[in-house]
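All remarks here apply to the structure that follows.
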Amino acid sequence: MSKQGFPRHVRLLSAEDYKKVFAQPVRSSDRYFTVLARYDRQQELARLGLAVAKKHVRRAVDRNRIKRLLRESFRRHQQYLKGYDLVVLVKPGIHKADNLTLFSSLEKHWKRLNQAVPSD
């Protein structure tokens, strides 16, 4: 598969994967997103899980747009996030923000996490 996709091996797939991240996360939060992350030195890839609640984003078209943005931003930055399992939660009102604002917000989260990588 090309590097342009979102293949299964870079996704959090099981409830167990999500539970591990929720257990003791490193948090990064702003007006639009809360990013929960868990670092594993043994892991060679970053993996992403999404939680775009219908409660916060009513219309399916808006939820899908946000998920596409999240996946694209993650794809562009995943080489800097190696070893992280990430869960991205959205906040109410996110559907009103434009794409550029959301990309900028996510880039700040990725940079914060990259700086928070534990040293050897």
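Each chain in the structure tokens gets a letter, A, B and so on, in the order shown; residues start at 1 in every chain, and ligands are counted from 1 in the order they appear.
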*asked:* So that I can check the surroundings of stretch 32-47 of chain A, please list as a PyMOL selection string every protein, DNA and RNA residue that reaches within 8 Å of it, counting only C-alpha atoms and ignoring chain neighbours fewer than 5 positions away.
replied: chain A and resi 9-12+20-22+24-27+78-79+81-94+102+105-106+109+113+117
So that I have them on file, write out the residues from the current selection with C-alpha atoms, as a compact mmCIF listing (two decimals), in the first residue's frame.
```
# COMPACT_ATOMS: atom_id res chain seq x y z
CA HIS A 9 -1.13 -0.98 10.99
CA VAL A 10 -1.19 2.76 11.83
CA ARG A 11 -4.66 2.68 13.41
CA LEU A 12 -5.77 1.87 16.92
CA LYS A 20 -3.96 1.58 27.11
CA VAL A 21 -3.91 5.17 25.87
CA PHE A 22 -6.67 6.29 28.24
CA GLN A 24 -1.98 7.03 31.62
CA PRO A 25 -1.94 9.55 28.79
CA VAL A 26 0.18 12.54 28.01
CA ARG A 27 -2.40 15.25 27.25
CA GLN A 78 3.65 10.54 11.65
CA GLN A 79 7.41 10.25 11.04
CA LEU A 81 5.50 10.84 16.21
CA LYS A 82 7.16 7.40 16.11
CA GLY A 83 6.42 5.32 19.17
CA TYR A 84 3.19 7.10 20.07
CA ASP A 85 -0.31 5.69 20.28
CA LEU A 86 -2.65 8.68 19.90
CA VAL A 87 -6.35 9.20 20.51
CA VAL A 88 -7.80 12.48 19.28
CA LEU A 89 -11.03 13.71 20.89
CA VAL A 90 -12.98 16.64 19.46
CA LYS A 91 -14.65 19.41 21.40
CA PRO A 92 -18.04 21.06 20.86
CA GLY A 93 -18.15 23.76 18.19
CA ILE A 94 -15.28 22.29 16.16
CA LEU A 102 -7.83 22.85 12.42
CA SER A 105 -4.19 23.36 15.83
CA LEU A 106 -3.16 19.77 15.09
CA HIS A 109 -0.34 19.27 19.19
CA LEU A 113 4.10 15.67 21.72
CA VAL A 117 9.27 12.28 23.97
```
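Using only C-alpha atoms, the contacts of A:Val61 at a cut-off of 10 Å, with sequence neighbours closer than 5 positions omitted, comprise Ile66, Lys67 and His95 of chain A.
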Just all heavy atoms for this one: save the residues we selected as a compact mmCIF listing (two decimals), in the first residue's frame.
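Output below, filename again-v7.txt:
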```txt
# COMPACT_ATOMS: atom_id res chain seq x y z
N ILE A 66 -13.94 16.31 9.53
CA ILE A 66 -12.98 16.39 10.63
C ILE A 66 -12.09 15.15 10.66
O ILE A 66 -10.87 15.25 10.84
CB ILE A 66 -13.73 16.61 11.97
CG1 ILE A 66 -14.35 18.01 11.96
CG2 ILE A 66 -12.80 16.42 13.15
CD1 ILE A 66 -15.40 18.22 13.02
N LYS A 67 -12.68 13.98 10.45
CA LYS A 67 -11.88 12.76 10.44
C LYS A 67 -10.88 12.75 9.28
O LYS A 67 -9.73 12.34 9.45
CB LYS A 67 -12.78 11.52 10.39
CG LYS A 67 -13.50 11.28 11.72
CD LYS A 67 -14.20 9.96 11.75
CE LYS A 67 -15.59 10.08 11.19
NZ LYS A 67 -16.38 8.83 11.35
N HIS A 95 -16.97 22.02 14.44
CA HIS A 95 -17.46 22.01 13.05
C HIS A 95 -17.54 23.42 12.46
O HIS A 95 -17.59 23.57 11.25
CB HIS A 95 -18.83 21.31 12.97
CG HIS A 95 -19.91 22.04 13.70
ND1 HIS A 95 -20.04 21.95 15.08
CD2 HIS A 95 -20.87 22.87 13.27
CE1 HIS A 95 -21.07 22.70 15.44
NE2 HIS A 95 -21.59 23.27 14.37
```
*So, counting only C-alpha atoms, which residue among A:Arg8, A:Arg63, A:His77, A:Lys108 is closest to A:Gly49?*
A:Arg8
*asked:* To one decimal place in Å, what is the distance between atom CA of A:Ser29 and atom CA of A:Gly5?
replied: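 Between atom CA of A:Ser29 and atom CA of A:Gly5 the gap is 26.2 Å.
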*Secondary structure check, strand (DSSP E) residues of stretch 8-111 of chain A, as a PyMOL selection string*: chain A and resi 26-29+33-39+47-51+84-90
